[in-house]
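Asker: Here it is, the structure, as structure tokens.
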Amino acid sequence: MAWHDKDSWLTAAFAPNISTILISFLVAITLPILLHRWIYRRATPTTLPTFLLIGPSGAGKTALATLIERSSVVPTHTSTAPLSIETLLPEPYVPASAHYRSAGDPAYERARRFLLLDTPGHGKLRHFATKELSNPENVRGIIFVVDAAAVADSAGLTESAEYLHDVLLSLQKRYTGAKTSKGPKEIPVLIAANKLDLFTALPAHLVKSHLEKAVSAVRKSRAKGLKDSAIALGGGDENAIEDDRENEWLGEGGEGEFEFRQMEEVGTGVVVRGGNVLGDGGADVKAWFEWVGEQL
Amino acid sequence: MLDSFEILTTSGVVLWSHTYVPVGANIINSLIRDVFIEERIQPQAEDAGSKPTYRKEGYTLKWTAAKDLGLIFVAVYQSLVHMTWIDKLLDNVRKLFTGLYEAQLKKEHTSMVDCSKFGPYFERQVQELEQSADGATASSSTSVKLTPPSSTENDSAEESAPAQNLQRTQRPLYDTSADSTPVPTPDTSRPTTPAQSHLLTGKARPGGKLSRRDRKKAAGMGSAPVSSGDEASIKRKGKGSAKRNRVWGDFGAEEEDPSMVLDYSQADLRDEASENEALEEIKPETWGRKTGKGQFVLKDLDEEMDAIIAEQNAKKETPAASTGIVGSSLGAIGGLFRNVVGGKTLTKEDLVKPLKGMEEHLLKKNVAREAVVRLCESVERDLIGLKTGSFTTIEATLRTSMEKALTKILTPTSSLDLLREIQTVNAGGRPYVLSIVGVNGVGKSTNLSKIAFFMLQNHHRVLIAAADTFRSGAVEQLRVHVRNLKELSKREGGEVDLFEKGYGKDAANIAADAVTYASKNNFNVVLIDTAGRRHNDQRLMSSLEKFGKLANPDKILMVGEALVGSDSVAQARNFNASFGPGRGLDGFIISKCDTVGDMVGTLVSMVHATGIPVVFLGVGQHYDDLRGLNVSSVCRLLMS
């Protein structure tokens with residue numbers, strides 16, 4: 001039968017039958033309910049603000065992560081896999097967003113909750129961190145842990161500075177490569193100068209100046225270095241080729257000395273704070289917690 | 001003796017550790033670096049019998065991993081001590097730990113596992129294995145441990161056990177941390193009890209005892225029933241059950257129900273069958289454990305440990321069995337469906353075919369067979385036991401895993417910034433010496449001149465030393481290069497010169513002379529060209545050791561051509577070994593990359609063979625056709 005026949009389904013659908021009325025009634029009632037449930041379900045996994053722990057191997061990232069989680073330090077070894085930890089900001093520190101909340105407010109605890117992502121620092125395993133950096137969805141801040149004692153000698157300084165350079169450069173690229181005029185959300189960086197309890201450790205301000213100098217040296221040698229093999233081999237994707245065409249240098253066009261201050265222009269405030277996870281007098285991580293609180 | 005035992009996660013957190021003698025953290029760190037990250041030492045297959053070992057600073061480390069939970073179990077002991085039972089210990093501890101804390105370990109977003117109560121379990125394992133390894137004396141002592149203090153049937157005359165029984169029957173199942181060193185009990189109780197108990201059993205209920213013995217004889221056990229040996233063979237379960245129902249009267253224990261006794265003997269008979277079966281049978285029944293606890297905590301732990309280990313073993317066997325039963329059609333359809341939708345747990349069989357395909361693919365990309373096999377093995381090790389993500393096929397999972405493995409193998413451990421190194425070396429007041437070795441005709445001189453051009457662009461004063469005193473025209477070739485480079489660098493500000501001593505001289509001496517000449521004449525980079533040599537010709541290769549000692553280059557780079565096939569592995573190995581102990585290659589230059597298209601497998605083969613990074617790629621015929629390695633693009637080429 002054709003669709004225009006008297007007893008076709010289309011005619012029945014428009015006729016004032018009991019069944020038709022019932023069905024349309026049911027649909028009218030259930031559809032909003034189902035829709036609501038569906039949307040609600042999708043919205044429920046609330047994303048926690050994430051802080052990335054990055055830094056060269058042996059700087060104390062995992063130790064810091066365990067310290068934040070259980071407020072005591074456990075022995076750690078070289079990491080080979082990332083570790084994510086859901087934790088609360090410790091008691092005396094107040095998240096900036098919850099400054100005016102009372103302690104009994106249920107939203108207060110929610111504001112203090114965050115996710116800490118510890119990444120392995122070994123040279124071969126940095127792809128965990130770079131993957132996270134290339135698409136930082138909920139990243140509120142990056143904690144770059146450096147060994148303040150290792151920074152004192154040139155090999156350790158170079159390693160830290162190269163890694164830091166890469167991290168900052170990818171943050172800058174994210175900002176300059178943004179499609180909207182507003183620019184992406186800011187991702188501040190905390191350079192946590194760890195192991196200040198050691199005798200050979202440099203104080204925070206010296207760590208800062210050393211790193212600034214080393215990063216500008218890295219930038220200089222990168223500028224002079226050889227080009228990447230991506231184009232020559234034809235294996236690079238479009239992004240890589242684009243990168244190659246307009247070489248991007250960290251800071252103000254790569255001129256002069258690099259300073260962390262220059263990063264503020266691209267939406268990345270960099271601060272250096274000292275502390276120590278281990279040590280005879282217990283851990284001293286006050287400055288870092290304060291920073292985390294400011295970002296939350 | 002065992003020095004230290006640690007249980008750590010792959011993310012580096014030590015969950016539990018027991019240290020007998022303090023061992024530096026760097027020992028285990030270097031194990032992780034060398035074995036897990038850089039894969040310098042090949043782990044043997046698990047089923048090869050023994051666990052892989054790693055030696056460092058007089059320590060021997062053995063380890064095992066529970067991959068699905070991301071755990072590594074490491075035992076550290078002095079290399080001087082030969083310990084045979086470590087493998088068993090690692091296995092048992094792994095099973096125990098995963099059995100006890102699996103739920104906690106699977107929690108997301110936390111690194112905390114509360115395993116403070118693991119200590120006693122571990123100590124018991126160590127004791128047991130130590131004693132069983134001690135040979136003759138061990139056999140008696142273990143039998144003591146397994147068997148209850150022999151007064152099994154009625155210890156009404158025994159004072160200590162009932163007292164303990166009364167005290168401990170209410171203890172919770174896992175609360176054993178208080179009695180972590182429960183060693184002495186069995187030894188002390190043994191000598192006194194057997195005779196006593198025998199007398200008493202004889203007196204108390206001869207009928208029950210006789211029937212029991214008869215059964216035993218029927219089962220072919222002890223022929224001399226009144227010996228203490230027979231007594232010792234009675235398993236603890238029987239005894240334990242006897243205890244549970246004991247009624248305490250005013251004058252000690254009351255008489256027991258004879259029918260119950262019959263039951264116990266049956267339990268005993270069952271126990272005699274085999275240790276494992278008995279455990280399996282006992283496990284579900286609560287009375288077995290409860291009464292075991294009544295005696296002393298030692299046995300309780302033992303029993304519990306054995307139960308956990310048995311459970312883990314059973315778990316391992318069940319999946320195979322279940323697929324055997326469900327078998328054919330339904331399982332196969334489910335598997336197919338799973339393969340499309342994802343969420344399938346990968347087994348060795350699942351991976352065989354895709355891995356074969358991957359192997360073929362990589363071989364086609366000119367990766368040496370050896371490297372392919374190793375890559376596939378490491379990927380297989382990674383994937384077995386893993387669940388595929390939703391809507392990903394096995395092939396896709398394998399692909400991403402292989403890409404990861406390739407990235408890992410190609411990524412250099414330390415940075416390869418030549419310019420910075422030159423700077424630091426020059427700051428020390430001497431020229432930076434770089435020498436180039438390789439097989440004949442791979443492009444040593446060409447790449448040397450490319451590097452020289454790169455240095456000149458960075459305003460260095462470069463001295464090229466012609467240490468190829470063998471091949472006709474080698475010096476002239478370099479002279480032409482130097483003339484060209486001089487022309488090119490005139491505006492740039494660099495300076496280049498050639499150091500030559502003609503043909504037939506000793507290459508090592510020329511190189512050493514060139515270095516002294518350079519430091520006198522204020523050159524800050526010395527590039528040394530060497531004669532090409534066949535890597536399996538011992539006579540030619542042996543001169544490299546002298547060369548390395550005399551010229552003492554800061555960096556020795558080997559040129560390998562991308563065209564070479566599976567020989568690349570042997571080339572890289574032989575050259576790396578030719579400089580004598582303590583000196584090796586520092587990097588590779590892979591030349592002629594422009595001639596192979598996407599078949600860049602040589603890179604992987606060479607890095608695989610030595611663990612030495614690729615520093616430069618030669619990608620063309622001009623001076624500026626020298627490139628750094630872009631790992632991701634190479635991976636993409638290899639996987640395309």
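Every chain in the structure tokens has a letter given in the order shown (A, B, ...), and although residue numbers restart at 1 in each chain, ligands are simply numbered from 1 in the order shown.
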Residues of chain B within 7 Å of chain A: nearest atom pair and distance (Å, one decimal) for each, counting only C-alpha atoms, sorted by chain and number, as a tab-separated table?
Answerer:
```
residue	atom	partner	partner_atom	distance
B:Thr10	CA	A:Thr80	CA	5.3
B:Ser11	CA	A:Ser79	CA	4.4
B:Gly12	CA	A:Ser79	CA	4.2
B:Val13	CA	A:Thr76	CA	4.6
B:Val14	CA	A:Thr76	CA	5.4
B:Asn29	CA	A:Thr78	CA	5.5
B:Ile32	CA	A:Thr78	CA	6.6
B:Ile37	CA	A:Thr80	CA	6.9
B:His109	CA	A:Ile85	CA	4.1
B:Thr110	CA	A:Ile85	CA	4.7
B:Ser111	CA	A:Ile85	CA	6.8
B:Lys408	CA	A:Lys124	CA	5.6
B:Thr411	CA	A:Lys124	CA	5.5
B:Pro412	CA	A:Lys124	CA	6.4
B:Thr413	CA	A:Gly123	CA	4.8
B:Ser414	CA	A:Gly123	CA	6.3
B:Leu419	CA	A:Ser221	CA	6.5
B:Arg420	CA	A:Ser221	CA	6.9
B:Asn458	CA	A:Lys224	CA	6.8
B:Asp594	CA	A:Leu233	CA	6.8
B:Val619	CA	A:Ala232	CA	6.4
B:Arg627	CA	A:Ser229	CA	5.1
B:Gly628	CA	A:Asp228	CA	5.0
B:Leu629	CA	A:Ser229	CA	5.5
B:Asn630	CA	A:Ser229	CA	5.5
B:Ser633	CA	A:Gly235	CA	4.8
B:Val634	CA	A:Gly235	CA	6.5
B:Arg636	CA	A:Gly235	CA	6.1
B:Leu637	CA	A:Gly235	CA	5.4
```
Asker: Would you mind listing what lies within 10 Å of Ala59 of chain A as a ChimeraX atom specification, with only C-alpha atoms counted and same-chain residues fewer than 3 positions away left out?
Answerer: /A:54-56,62-64,121,144-150,160,192-195
Asker: Could you list, as a PDB file with N, CA and C atoms, in the first residue's frame, every residue within 10 Å of segment 113-116 of chain B, counting only C-alpha atoms and ignoring same-chain residues fewer than 3 positions away?
Answerer:
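Wrote part.pdb, looks like this:
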```pdb
ATOM      1  N   VAL B  14      57.913   3.728  46.439  1.00  0.00           N
ATOM      2  CA  VAL B  14      58.198   2.477  47.142  1.00  0.00           C
ATOM      3  C   VAL B  14      57.014   2.171  48.052  1.00  0.00           C
ATOM      4  N   LEU B  15      56.338   1.063  47.790  1.00  0.00           N
ATOM      5  CA  LEU B  15      55.159   0.725  48.580  1.00  0.00           C
ATOM      6  C   LEU B  15      55.556   0.036  49.871  1.00  0.00           C
ATOM      7  N   TRP B  16      56.493  -0.880  49.752  1.00  0.00           N
ATOM      8  CA  TRP B  16      56.893  -1.637  50.921  1.00  0.00           C
ATOM      9  C   TRP B  16      58.347  -2.017  50.747  1.00  0.00           C
ATOM     10  N   SER B  17      59.098  -1.959  51.789  1.00  0.00           N
ATOM     11  CA  SER B  17      60.483  -2.381  51.660  1.00  0.00           C
ATOM     12  C   SER B  17      60.940  -2.983  52.973  1.00  0.00           C
ATOM     13  N   PHE B  97      51.462 -10.433  47.553  1.00  0.00           N
ATOM     14  CA  PHE B  97      51.196  -8.994  47.578  1.00  0.00           C
ATOM     15  C   PHE B  97      50.023  -8.654  46.675  1.00  0.00           C
ATOM     16  N   LEU B 100      46.825  -9.886  48.251  1.00  0.00           N
ATOM     17  CA  LEU B 100      46.347  -9.166  49.427  1.00  0.00           C
ATOM     18  C   LEU B 100      45.856  -7.768  49.086  1.00  0.00           C
ATOM     19  N   TYR B 101      46.550  -7.108  48.184  1.00  0.00           N
ATOM     20  CA  TYR B 101      46.288  -5.674  48.011  1.00  0.00           C
ATOM     21  C   TYR B 101      45.793  -5.295  46.629  1.00  0.00           C
ATOM     22  N   GLU B 102      45.281  -6.277  45.913  1.00  0.00           N
ATOM     23  CA  GLU B 102      44.888  -5.989  44.539  1.00  0.00           C
ATOM     24  C   GLU B 102      43.856  -4.862  44.467  1.00  0.00           C
ATOM     25  N   ALA B 103      42.884  -4.932  45.362  1.00  0.00           N
ATOM     26  CA  ALA B 103      41.819  -3.924  45.328  1.00  0.00           C
ATOM     27  C   ALA B 103      42.389  -2.528  45.546  1.00  0.00           C
ATOM     28  N   GLN B 104      43.310  -2.438  46.493  1.00  0.00           N
ATOM     29  CA  GLN B 104      43.896  -1.123  46.774  1.00  0.00           C
ATOM     30  C   GLN B 104      44.738  -0.626  45.611  1.00  0.00           C
ATOM     31  N   LEU B 105      45.418  -1.575  44.979  1.00  0.00           N
ATOM     32  CA  LEU B 105      46.326  -1.184  43.910  1.00  0.00           C
ATOM     33  C   LEU B 105      45.575  -0.697  42.692  1.00  0.00           C
ATOM     34  N   LYS B 106      44.353  -1.167  42.531  1.00  0.00           N
ATOM     35  CA  LYS B 106      43.618  -0.804  41.322  1.00  0.00           C
ATOM     36  C   LYS B 106      42.936   0.545  41.441  1.00  0.00           C
ATOM     37  N   LYS B 107      42.957   1.121  42.617  1.00  0.00           N
ATOM     38  CA  LYS B 107      42.325   2.425  42.798  1.00  0.00           C
ATOM     39  C   LYS B 107      43.040   3.462  41.943  1.00  0.00           C
ATOM     40  N   THR B 110      45.612   7.616  43.141  1.00  0.00           N
ATOM     41  CA  THR B 110      46.262   7.581  44.436  1.00  0.00           C
ATOM     42  C   THR B 110      47.515   6.728  44.340  1.00  0.00           C
ATOM     43  N   GLY B 119      54.722  -7.166  56.562  1.00  0.00           N
ATOM     44  CA  GLY B 119      55.967  -7.607  57.163  1.00  0.00           C
ATOM     45  C   GLY B 119      56.006  -9.071  57.570  1.00  0.00           C
ATOM     46  N   PRO B 120      55.077  -9.515  58.424  1.00  0.00           N
ATOM     47  CA  PRO B 120      55.099 -10.908  58.879  1.00  0.00           C
ATOM     48  C   PRO B 120      55.029 -11.924  57.740  1.00  0.00           C
ATOM     49  N   SER B 177      49.966  -8.542  62.813  1.00  0.00           N
ATOM     50  CA  SER B 177      51.160  -7.711  62.811  1.00  0.00           C
ATOM     51  C   SER B 177      51.878  -7.748  64.156  1.00  0.00           C
TER      52      SER B 177
END
```
Asker: Which residues are close to Leu527 of chain B, i.e. within 6 Å by only C-alpha atoms, leaving aside same-chain residues fewer than 2 positions away? Reply as a list in words.
Answerer: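 Selected residues are Leu434, Ser435 and Ile464 of chain B.
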Asker: Restricted to C-alpha atoms, what would the selected residues look like written as an mmCIF file, in the first residue's frame?
Answerer:
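So the final result, stored in result22.cif, reads:
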```cif
data_model
loop_
_atom_site.group_PDB
_atom_site.id
_atom_site.type_symbol
_atom_site.label_atom_id
_atom_site.label_comp_id
_atom_site.auth_asym_id
_atom_site.auth_seq_id
_atom_site.Cartn_x
_atom_site.Cartn_y
_atom_site.Cartn_z
ATOM 1 C CA LEU B 434 85.745 15.039 16.776
ATOM 2 C CA SER B 435 86.638 12.030 14.726
ATOM 3 C CA ILE B 464 90.530 19.186 9.363
#
```
Asker: I need the residues in segment 148-277 of chain A that are alpha helix (DSSP H) according to DSSP; give them as a count of residues only.
Answerer: 56
Asker: Kindly indicate which residue among B:Lys555, B:Val442, B:Thr9, B:Glu545 lies nearest to Pro581 of chain B, using only C-alpha atoms for the distances.
Answerer: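 Of B:Lys555, B:Val442, B:Thr9, B:Glu545, the one nearest Pro581 of chain B, counting only C-alpha atoms, is B:Glu545.
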Asker: Can you tell me how far atom CA of Val437 of chain B sits from atom CA of Leu557 of chain B, in Å to one decimal?
Answerer: 6.4 Å
Asker: Can you pull out the residues contacting segment 492-502 of chain B? Cut-off 8 Å, using only C-alpha atoms, and skip same-chain residues under 5 positions away; I want them as a list in words.
Answerer: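 The filter keeps Met455, Leu456, Gln457, Asn458, His459, His460, Arg461, Val462, Leu463, Ile464, Ala465, Ala466, Ala467, Thr469, Val475, Leu478, Arg479, Val482, Leu485, Lys486, Ile510 and Ala514 of chain B.
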Asker: Which of segment 26-88 of chain B counts as strand (DSSP E or B) under DSSP, as a list of chain:residue names please?
Answerer: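 After running DSSP on the backbone, segment 26-88 of chain B has strand (DSSP E or B) at B:Thr53, B:Tyr54, B:Arg55, B:Lys56, B:Tyr59, B:Thr60, B:Leu61, B:Lys62, B:Trp63, B:Thr64, B:Ala65, B:Ala66, B:Leu71, B:Ile72, B:Phe73, B:Val74, B:Ala75, B:Val76, B:Tyr77, B:Gln78.
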Asker: Need to verify the contact set: segment 270-282 of chain A, 9 Å, only C-alpha atoms, exclusion of same-chain residues closer than 3 positions in sequence. Can you return it as a PDB file with C-alpha atoms, in the first residue's frame?
Answerer:
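Just written: part26.pdb:
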```pdb
ATOM      1  CA  GLY A  60      62.163  15.104  43.517  1.00  0.00           C
ATOM      2  CA  ALA A  63      58.685  12.610  46.394  1.00  0.00           C
ATOM      3  CA  LEU A  64      56.812  15.900  46.243  1.00  0.00           C
ATOM      4  CA  LEU A  67      54.330  14.486  50.219  1.00  0.00           C
ATOM      5  CA  VAL A  73      57.598  11.405  52.405  1.00  0.00           C
ATOM      6  CA  ALA A 148      68.854  23.345  43.385  1.00  0.00           C
ATOM      7  CA  PRO A 188      51.461  29.719  35.063  1.00  0.00           C
ATOM      8  CA  VAL A 189      54.692  27.919  35.849  1.00  0.00           C
ATOM      9  CA  LEU A 190      56.176  27.440  39.259  1.00  0.00           C
ATOM     10  CA  ILE A 191      59.855  26.612  39.284  1.00  0.00           C
ATOM     11  CA  ALA A 192      60.226  24.720  42.510  1.00  0.00           C
ATOM     12  CA  ALA A 193      63.846  24.826  43.583  1.00  0.00           C
ATOM     13  CA  ASN A 194      63.962  21.616  45.550  1.00  0.00           C
ATOM     14  CA  LYS A 195      66.571  20.251  47.972  1.00  0.00           C
ATOM     15  CA  LEU A 196      67.385  23.574  49.575  1.00  0.00           C
ATOM     16  CA  ASP A 197      68.310  21.637  52.693  1.00  0.00           C
ATOM     17  CA  LEU A 198      71.503  20.500  51.000  1.00  0.00           C
ATOM     18  CA  PRO A 203      69.072  29.789  46.974  1.00  0.00           C
ATOM     19  CA  ALA A 204      65.943  30.459  44.939  1.00  0.00           C
ATOM     20  CA  HIS A 205      67.026  33.779  43.456  1.00  0.00           C
ATOM     21  CA  VAL A 207      68.464  29.333  40.782  1.00  0.00           C
ATOM     22  CA  LYS A 208      66.373  31.833  38.897  1.00  0.00           C
ATOM     23  CA  PHE A 260      61.234  34.734  32.881  1.00  0.00           C
ATOM     24  CA  ARG A 261      59.419  38.063  32.932  1.00  0.00           C
ATOM     25  CA  MET A 263      56.900  34.872  29.418  1.00  0.00           C
ATOM     26  CA  GLU A 264      54.108  36.926  30.948  1.00  0.00           C
ATOM     27  CA  VAL A 285      57.059  23.321  50.941  1.00  0.00           C
ATOM     28  CA  LYS A 286      55.098  26.300  52.224  1.00  0.00           C
ATOM     29  CA  ALA A 287      55.890  28.530  49.281  1.00  0.00           C
ATOM     30  CA  TRP A 288      54.785  25.907  46.778  1.00  0.00           C
ATOM     31  CA  TRP A 291      51.393  29.100  44.898  1.00  0.00           C
TER      32      TRP A 291
END
```
Asker: Would you work out the distance separating atom CA of Ala283 of chain A from atom CA of Ala111 of chain A, expressed in Å to one decimal?
Answerer: 24.4 Å
Asker: Neighbouring residues of Cys635 of chain B were defined as those with any atom within 10 Å, considering only C-alpha atoms; residues of the same chain fewer than 6 positions away were excluded. Please report them as a ChimeraX atom specification.
Answerer: /A:235-236 /B:402-407,410,600-601,604
